[in-house]
>>> print(open('entry.tsv').read())   # TSV, C-alpha atoms
chain	number	residue	atom	x	y	z
U	1	MET	CA	-48.26	-20.96	-69.55
U	2	GLY	CA	-44.93	-21.21	-67.88
U	3	ASP	CA	-42.16	-23.36	-66.50
U	4	SER	CA	-42.51	-26.31	-64.14
U	5	HIS	CA	-44.00	-24.04	-61.47
U	6	ALA	CA	-47.16	-23.92	-63.58
U	7	GLY	CA	-47.68	-27.63	-62.86
U	8	PRO	CA	-49.30	-27.41	-59.40
U	9	ILE	CA	-51.72	-24.75	-60.64
U	10	GLY	CA	-52.88	-26.98	-63.47
U	11	ARG	CA	-53.14	-30.01	-61.20
U	12	ALA	CA	-55.24	-28.01	-58.74
U	13	ALA	CA	-57.57	-26.86	-61.51
U	14	THR	CA	-57.89	-30.41	-62.83
U	15	ALA	CA	-58.68	-31.74	-59.35
U	16	ALA	CA	-61.34	-29.06	-58.93
U	17	GLY	CA	-62.89	-29.80	-62.31
U	18	LEU	CA	-62.19	-26.30	-63.61
U	19	PRO	CA	-61.54	-25.82	-67.33
U	20	PHE	CA	-58.24	-24.32	-68.43
U	21	VAL	CA	-55.80	-24.48	-71.30
U	22	GLY	CA	-52.03	-24.59	-70.88
U	23	GLY	CA	-49.36	-25.99	-68.60
U	24	PRO	CA	-45.58	-26.25	-68.16
U	25	MET	CA	-43.56	-25.72	-71.34
U	26	GLY	CA	-40.05	-26.39	-70.05
U	27	ALA	CA	-37.58	-25.70	-67.25
U	28	GLY	CA	-37.39	-22.27	-65.64
U	29	ARG	CA	-33.93	-21.47	-66.99
U	30	GLU	CA	-35.32	-21.84	-70.53
U	31	PHE	CA	-37.63	-18.84	-70.09
U	32	THR	CA	-35.35	-16.04	-68.96
U	33	ALA	CA	-33.47	-14.68	-71.98
U	34	SER	CA	-33.73	-15.24	-75.75
U	35	PHE	CA	-36.65	-17.68	-75.71
U	36	PHE	CA	-39.18	-16.03	-78.05
U	37	ALA	CA	-39.51	-13.66	-80.97
U	38	VAL	CA	-42.23	-11.55	-82.55
U	39	THR	CA	-42.01	-11.46	-86.34
U	40	ASP	CA	-44.59	-9.65	-88.48
U	41	GLY	CA	-46.80	-9.50	-85.41
U	42	ALA	CA	-46.69	-13.25	-84.71
U	43	LEU	CA	-45.10	-14.64	-81.56
U	44	THR	CA	-43.01	-17.80	-81.73
U	45	PHE	CA	-40.90	-19.70	-79.20
U	46	HIS	CA	-37.36	-20.61	-80.16
U	47	ALA	CA	-37.45	-24.06	-78.55
U	48	GLU	CA	-39.22	-26.60	-80.74
U	49	GLU	CA	-41.11	-28.27	-77.87
U	50	ALA	CA	-42.24	-24.96	-76.37
U	51	GLN	CA	-43.47	-23.82	-79.78
U	52	ARG	CA	-45.35	-27.09	-80.30
U	53	LEU	CA	-47.08	-26.74	-76.93
U	54	TYR	CA	-47.84	-23.06	-77.52
U	55	ARG	CA	-49.46	-23.75	-80.88
U	56	GLY	CA	-51.46	-26.57	-79.29
U	57	PHE	CA	-52.74	-24.23	-76.59
U	58	LEU	CA	-53.78	-21.67	-79.20
U	59	ASP	CA	-55.53	-24.30	-81.29
U	60	GLU	CA	-57.58	-25.39	-78.27
U	61	LEU	CA	-58.72	-21.80	-77.83
U	62	GLY	CA	-59.30	-21.14	-81.51
U	63	ALA	CA	-56.70	-18.34	-81.57
U	64	ALA	CA	-54.10	-17.64	-84.23
U	65	ASP	CA	-51.70	-15.74	-81.97
U	66	LEU	CA	-51.18	-14.81	-78.33
U	67	THR	CA	-52.67	-11.38	-78.98
U	68	ASP	CA	-55.95	-12.98	-80.14
U	69	LEU	CA	-56.69	-14.47	-76.71
U	70	THR	CA	-59.94	-13.49	-75.03
U	71	VAL	CA	-59.16	-15.19	-71.71
U	72	PRO	CA	-56.78	-14.09	-68.94
U	73	LEU	CA	-53.16	-15.16	-69.36
U	74	VAL	CA	-51.56	-16.67	-66.24
U	75	LEU	CA	-47.77	-16.93	-66.50
U	76	THR	CA	-44.84	-18.16	-64.43
U	77	PHE	CA	-42.12	-17.21	-66.94
U	78	GLY	CA	-39.05	-15.50	-65.51
U	79	PHE	CA	-39.70	-16.13	-61.82
U	80	SER	CA	-37.23	-18.98	-61.32
U	81	ALA	CA	-35.50	-16.94	-58.66
U	82	HIS	CA	-33.26	-19.82	-57.58
U	83	PHE	CA	-31.64	-19.68	-61.02
U	84	TYR	CA	-30.76	-15.98	-60.70
U	85	ALA	CA	-29.63	-16.53	-57.10
U	86	THR	CA	-26.90	-19.10	-57.81
U	87	THR	CA	-24.49	-18.38	-54.95
U	88	GLU	CA	-21.28	-18.47	-56.96
U	89	ASN	CA	-22.52	-15.76	-59.34
U	90	TRP	CA	-22.80	-13.25	-56.49
U	91	ARG	CA	-19.61	-14.00	-54.60
U	92	ILE	CA	-17.83	-11.02	-56.17
U	93	TYR	CA	-20.37	-8.65	-54.59
U	94	ARG	CA	-19.91	-9.91	-51.05
U	95	ASP	CA	-17.98	-7.95	-48.44
U	96	PRO	CA	-15.11	-9.53	-46.44
U	97	ALA	CA	-17.53	-10.64	-43.75
U	98	GLY	CA	-19.55	-12.63	-46.26
U	99	GLY	CA	-22.59	-10.37	-46.46
U	100	TYR	CA	-23.64	-7.68	-48.89
U	101	LEU	CA	-23.08	-3.97	-48.54
U	102	PRO	CA	-26.13	-2.10	-47.20
U	103	GLY	CA	-28.46	-1.20	-50.03
U	104	PHE	CA	-26.87	-3.51	-52.60
U	105	THR	CA	-29.99	-5.63	-53.22
U	106	THR	CA	-32.12	-2.53	-53.82
U	107	SER	CA	-29.51	-0.69	-55.88
U	108	GLN	CA	-29.68	0.24	-59.55
U	109	LEU	CA	-26.76	-2.12	-60.17
U	110	PHE	CA	-28.61	-5.08	-58.67
U	111	ASP	CA	-31.78	-4.27	-60.59
U	112	ALA	CA	-29.79	-3.99	-63.82
U	113	ILE	CA	-28.14	-7.39	-63.29
U	114	VAL	CA	-31.37	-9.22	-62.48
U	115	GLN	CA	-33.34	-7.54	-65.24
U	116	ALA	CA	-30.63	-8.43	-67.74
U	117	MET	CA	-30.86	-12.09	-66.71
U	118	ALA	CA	-34.66	-12.00	-67.05
U	119	ALA	CA	-34.73	-9.75	-70.12
U	120	ASP	CA	-36.88	-11.86	-72.42
U	121	ALA	CA	-39.27	-12.87	-69.66
U	122	LEU	CA	-39.92	-9.22	-68.86
U	123	ALA	CA	-40.32	-8.50	-72.58
U	124	PHE	CA	-42.87	-11.32	-72.87
U	125	TYR	CA	-45.02	-9.88	-70.09
U	126	ARG	CA	-44.82	-6.40	-71.62
U	127	HIS	CA	-45.72	-7.73	-75.06
U	128	ALA	CA	-48.80	-9.55	-73.76
U	129	ALA	CA	-49.95	-6.68	-71.55
U	130	GLY	CA	-49.29	-4.19	-74.35
U	131	ALA	CA	-51.65	-6.18	-76.58
U	132	GLY	CA	-54.45	-5.53	-74.12
U	133	LEU	CA	-54.51	-8.96	-72.48
U	134	ARG	CA	-55.17	-9.43	-68.81
U	135	VAL	CA	-51.82	-10.81	-67.64
U	136	LEU	CA	-51.10	-12.34	-64.25
U	137	ALA	CA	-47.60	-13.28	-63.07
U	138	VAL	CA	-47.46	-15.99	-60.41
U	139	LEU	CA	-44.56	-15.85	-57.98
U	140	PRO	CA	-42.89	-19.20	-57.34
U	141	PRO	CA	-42.68	-21.33	-54.21
U	142	GLN	CA	-40.33	-19.75	-51.68
U	143	ARG	CA	-37.85	-22.62	-51.80
U	144	VAL	CA	-34.14	-21.88	-51.95
U	145	PRO	CA	-32.00	-24.86	-53.00
U	146	VAL	CA	-28.52	-25.38	-51.58
U	147	HIS	CA	-26.77	-23.83	-54.57
U	148	SER	CA	-28.70	-20.55	-54.24
U	149	ASP	CA	-28.46	-17.52	-51.97
U	150	ALA	CA	-31.66	-16.77	-50.04
U	151	THR	CA	-30.96	-13.03	-49.82
U	152	ILE	CA	-30.53	-12.78	-53.58
U	153	PHE	CA	-33.51	-15.08	-54.21
U	154	GLN	CA	-35.89	-12.83	-52.31
U	155	ALA	CA	-34.38	-9.59	-53.62
U	156	ALA	CA	-34.56	-10.83	-57.23
U	157	GLU	CA	-38.27	-11.49	-56.85
U	158	ASP	CA	-38.78	-7.98	-55.53
U	159	CYS	CA	-36.76	-6.59	-58.44
U	160	LEU	CA	-38.90	-8.41	-61.01
U	161	CYS	CA	-42.09	-7.23	-59.33
U	162	ARG	CA	-40.88	-3.64	-59.53
U	163	ALA	CA	-39.97	-4.10	-63.19
U	164	LEU	CA	-43.44	-5.38	-64.09
U	165	ALA	CA	-45.41	-2.74	-62.22
U	166	PRO	CA	-45.40	-0.16	-65.07
U	167	ALA	CA	-46.75	-2.79	-67.50
U	168	ALA	CA	-49.92	-3.28	-65.42
U	169	VAL	CA	-49.16	-6.96	-64.93
U	170	GLU	CA	-51.09	-8.37	-61.95
U	171	LEU	CA	-48.85	-10.10	-59.42
U	172	VAL	CA	-50.08	-13.24	-57.71
U	173	ASP	CA	-47.88	-12.95	-54.65
U	174	LEU	CA	-48.69	-15.35	-51.83
U	175	ARG	CA	-45.39	-14.97	-50.00
U	176	ALA	CA	-46.95	-13.61	-46.82
U	177	ARG	CA	-49.37	-16.55	-46.68
U	178	VAL	CA	-47.08	-19.48	-47.50
U	179	THR	CA	-43.85	-18.75	-45.64
U	180	ASP	CA	-42.42	-19.20	-42.16
U	181	GLU	CA	-40.62	-16.64	-40.01
U	182	HIS	CA	-37.54	-16.93	-42.25
U	183	GLY	CA	-39.45	-16.18	-45.43
U	184	LEU	CA	-39.22	-19.77	-46.67
U	185	GLN	CA	-42.01	-22.04	-47.90
U	186	ARG	CA	-43.76	-23.94	-45.13
U	187	PRO	CA	-43.15	-27.71	-45.34
U	188	GLU	CA	-46.79	-28.61	-45.87
U	189	LEU	CA	-46.77	-26.63	-49.13
U	190	CYS	CA	-43.60	-28.23	-50.52
U	191	GLU	CA	-43.37	-31.11	-52.98
U	192	PRO	CA	-41.69	-34.01	-51.12
U	193	ASP	CA	-38.20	-35.10	-52.18
U	194	ASP	CA	-37.91	-32.02	-54.40
U	195	PRO	CA	-35.83	-28.92	-53.60
U	196	ILE	CA	-37.71	-26.23	-55.54
U	197	HIS	CA	-41.36	-27.00	-56.29
U	198	GLY	CA	-44.62	-26.45	-54.48
U	199	ASN	CA	-47.16	-29.24	-54.06
U	200	LEU	CA	-50.84	-29.60	-54.87
U	201	SER	CA	-51.82	-27.72	-51.71
U	202	PHE	CA	-49.72	-24.78	-52.88
U	203	GLY	CA	-51.36	-24.98	-56.30
U	204	ARG	CA	-54.78	-24.90	-54.64
U	205	LEU	CA	-53.88	-21.68	-52.83
U	206	ILE	CA	-52.86	-20.08	-56.11
U	207	LEU	CA	-56.00	-21.34	-57.80
U	208	ALA	CA	-58.15	-19.92	-54.98
U	209	GLU	CA	-56.43	-16.55	-55.41
U	210	LEU	CA	-57.09	-16.61	-59.15
U	211	LEU	CA	-60.76	-17.43	-58.56
U	212	ASP	CA	-60.99	-14.63	-56.01
U	213	ARG	CA	-59.78	-12.28	-58.74
U	214	GLY	CA	-62.60	-13.32	-61.02
U	215	LEU	CA	-60.85	-15.75	-63.31
>>> encode(input="entry.tsv", output="structure tokens")
Amino acid sequence: MGDSHAGPIGRAATAAGLPFVGGPMGAGREFTASFFAVTDGALTFHAEEAQRLYRGFLDELGAADLTDLTVPLVLTFGFSAHFYATTENWRIYRDPAGGYLPGFTTSQLFDAIVQAMAADALAFYRHAAGAGLRVLAVLPPQRVPVHSDATIFQAAEDCLCRALAPAAVELVDLRARVTDEHGLQRPELCEPDDPIHGNLSFGRLILAELLDRGL
């Protein structure tokens, strides 16, 4: 389950003839804060369309709730780093030369800001992992649109990875394999005429990684 970044993974699985249940449930910005609730042990999504899709996924698997799943849960929620990295939001933290003070992007302040923006996404991962599910978080394509700051983009991803480590969430992090010398997604793994998404080839790399992990 996830945002639009889940799309290439599903397309790759479909092309390979591999069975799966799930897919994109909305835009990345919809799955950062205040997007779900757990009431009397049952998880629900606030957005009507996300809830409809979620219930459909569960029905396909014969499960009443997320915590009843017996298959691994692959998620992209909360990793829309370009959303957190909107340049204008970070202008106040820049020094007169236009950069950031040394240590800012690894500081407690930075972590607190990013984790506040991704609060519900982090809570979702912790809820699923706490229920005993095998949970995998897939990092997004390393594509930084014009309205986002590349330094913040990359630092926000690192922050989220650190935040999920204590929850025993497995990170599917292909950054070292898919980027150029600047840390950006290589062109052959980018969706054409699209500023943020990976293509089918990128999805196939993620799928191969998942299969290597025994999924």
>>> residues_around(input="entry.tsv", residues="U:Thr87", least_positions_apart="6", cutoff="12 Å", atoms="all atoms listed in the file", output="JSON, numbers by chain")
{"U": [81, 93, 94, 98, 99, 144, 145, 146, 147, 148, 149, 150, 151, 152, 153]}
>>> closest_residue(input="entry.tsv", among="U:Pro192, U:Thr67, U:Arg162, U:Ala12", to="U:Glu209", atoms="only C-alpha atoms")
U:Ala12
>>> closest_residue(input="entry.tsv", among="U:Ala6, U:Leu171, U:Leu53, U:Asp65", to="U:Asp40", atoms="all atoms listed in the file")
U:Asp65
>>> closest_residue(input="entry.tsv", among="U:Ala85, U:Leu109, U:Ile196, U:Val135", to="U:His5", atoms="all atoms listed in the file")
U:Ile196
>>> closest_residue(input="entry.tsv", among="U:Asp3, U:Asp173, U:Asp68, U:Asp95", to="U:Asp158", atoms="only C-alpha atoms")
U:Asp173
>>> closest_residue(input="entry.tsv", among="U:Gln108, U:Thr32, U:Gln154, U:Thr70", to="U:His182", atoms="all atoms listed in the file")
U:Gln154
>>> residues_around(input="entry.tsv", residues="stretch 112-114 of chain U", least_positions_apart="5", cutoff="10 Å", atoms="all atoms listed in the file", output="list in words")
Ala81, Tyr84, Ala85, Ser107, Ala119, Ile152, Ala155, Ala156, Glu157, Cys159 and Leu160 of chain U
>>> closest_residue(input="entry.tsv", among="U:Ala15, U:Ala128, U:Val138, U:Ala116", to="U:Arg175", atoms="only C-alpha atoms")
U:Val138
>>> decode(input="entry.tsv", residues="stretch 41-161 of chain U", atoms="C-alpha atoms", output="compact mmCIF listing (two decimals), in the first residue's frame")
# COMPACT_ATOMS: atom_id res chain seq x y z
CA GLY U 41 -8.49 -2.02 17.56
CA ALA U 42 -9.68 -1.41 13.99
CA LEU U 43 -7.70 0.75 11.58
CA THR U 44 -9.52 3.13 9.24
CA PHE U 45 -8.37 5.76 6.76
CA HIS U 46 -9.89 9.21 6.98
CA ALA U 47 -10.13 9.71 3.21
CA GLU U 48 -13.14 7.94 1.73
CA GLU U 49 -11.29 6.67 -1.36
CA ALA U 50 -8.31 5.41 0.65
CA GLN U 51 -10.66 3.59 3.02
CA ARG U 52 -12.55 2.02 0.10
CA LEU U 53 -9.30 0.75 -1.43
CA TYR U 54 -8.00 -0.48 1.93
CA ARG U 55 -11.16 -2.47 2.62
CA GLY U 56 -10.98 -3.91 -0.89
CA PHE U 57 -7.40 -5.05 -0.32
CA LEU U 58 -8.38 -6.71 2.96
CA ASP U 59 -11.35 -8.44 1.36
CA GLU U 60 -9.08 -9.92 -1.33
CA LEU U 61 -6.90 -11.36 1.42
CA GLY U 62 -9.76 -12.52 3.60
CA ALA U 63 -8.66 -10.27 6.48
CA ALA U 64 -10.84 -8.16 8.75
CA ASP U 65 -8.12 -5.69 9.74
CA LEU U 66 -4.53 -4.77 8.95
CA THR U 67 -3.35 -6.69 12.00
CA ASP U 68 -4.89 -9.91 10.62
CA LEU U 69 -2.55 -10.00 7.60
CA THR U 70 -0.38 -13.07 7.16
CA VAL U 71 1.66 -11.65 4.26
CA PRO U 72 4.44 -9.05 4.32
CA LEU U 73 3.30 -5.43 4.16
CA VAL U 74 5.19 -3.26 1.66
CA LEU U 75 4.56 0.47 2.17
CA THR U 76 5.57 3.78 0.61
CA PHE U 77 3.65 6.00 3.04
CA GLY U 78 5.50 9.03 4.36
CA PHE U 79 8.47 8.98 2.01
CA SER U 80 7.37 11.78 -0.31
CA ALA U 81 10.55 13.64 0.51
CA HIS U 82 9.95 16.31 -2.14
CA PHE U 83 6.88 17.41 -0.16
CA TYR U 84 8.87 17.92 3.06
CA ALA U 85 11.68 19.60 1.10
CA THR U 86 9.64 22.46 -0.38
CA THR U 87 12.31 25.15 -0.69
CA GLU U 88 10.28 28.05 0.69
CA ASN U 89 9.59 26.20 3.95
CA TRP U 90 13.30 26.04 4.77
CA ARG U 91 14.37 29.53 3.76
CA ILE U 92 14.30 30.74 7.37
CA TYR U 93 16.99 28.20 8.29
CA ARG U 94 19.45 29.29 5.62
CA ASP U 95 22.54 31.35 6.44
CA PRO U 96 23.32 34.62 4.60
CA ALA U 97 25.32 32.73 1.99
CA GLY U 98 22.31 30.60 1.09
CA GLY U 99 23.43 27.35 2.66
CA TYR U 100 22.67 25.68 5.96
CA LEU U 101 24.72 25.88 9.12
CA PRO U 102 27.00 22.86 9.64
CA GLY U 103 25.12 20.08 11.36
CA PHE U 104 21.65 21.53 10.80
CA THR U 105 20.32 18.61 8.74
CA THR U 106 21.44 16.09 11.37
CA SER U 107 20.33 18.17 14.35
CA GLN U 108 17.57 17.39 16.83
CA LEU U 109 15.69 20.43 15.53
CA PHE U 110 15.72 19.14 11.96
CA ASP U 111 14.65 15.67 13.04
CA ALA U 112 11.82 17.14 15.10
CA ILE U 113 10.54 19.20 12.16
CA VAL U 114 10.60 16.34 9.67
CA GLN U 115 9.14 13.83 12.10
CA ALA U 116 6.32 16.25 12.92
CA MET U 117 5.49 16.56 9.22
CA ALA U 118 5.51 12.76 8.84
CA ALA U 119 3.91 12.02 12.21
CA ASP U 120 1.04 9.81 11.09
CA ALA U 121 3.14 7.95 8.54
CA LEU U 122 5.63 7.03 11.25
CA ALA U 123 2.75 6.04 13.54
CA PHE U 124 1.32 3.80 10.80
CA TYR U 125 4.60 1.92 10.42
CA ARG U 126 4.91 1.51 14.19
CA HIS U 127 1.34 0.30 14.49
CA ALA U 128 1.82 -2.35 11.80
CA ALA U 129 5.21 -3.49 13.09
CA GLY U 130 3.90 -3.50 16.66
CA ALA U 131 1.17 -5.92 15.58
CA GLY U 132 3.84 -8.41 14.56
CA LEU U 133 3.63 -7.86 10.80
CA ARG U 134 6.67 -7.95 8.58
CA VAL U 135 6.79 -4.34 7.38
CA LEU U 136 8.97 -2.99 4.59
CA ALA U 137 9.31 0.72 3.79
CA VAL U 138 10.33 1.53 0.22
CA LEU U 139 12.31 4.70 -0.32
CA PRO U 140 11.14 6.80 -3.26
CA PRO U 141 12.85 7.67 -6.54
CA GLN U 142 15.65 10.17 -5.95
CA ARG U 143 14.00 12.90 -8.00
CA VAL U 144 13.95 16.46 -6.68
CA PRO U 145 11.45 18.74 -8.45
CA VAL U 146 12.20 22.41 -9.00
CA HIS U 147 10.20 23.55 -5.98
CA SER U 148 12.20 21.34 -3.58
CA ASP U 149 15.62 21.57 -1.96
CA ALA U 150 17.90 18.60 -2.72
CA THR U 151 19.82 18.93 0.55
CA ILE U 152 16.63 18.79 2.59
CA PHE U 153 15.19 16.02 0.39
CA GLN U 154 18.10 13.70 1.09
CA ALA U 155 18.39 14.66 4.76
CA ALA U 156 14.65 14.11 5.32
CA GLU U 157 14.93 10.58 3.97
CA ASP U 158 17.81 9.88 6.34
CA CYS U 159 15.78 11.31 9.22
CA LEU U 160 12.82 9.05 8.48
CA CYS U 161 15.08 6.01 8.21
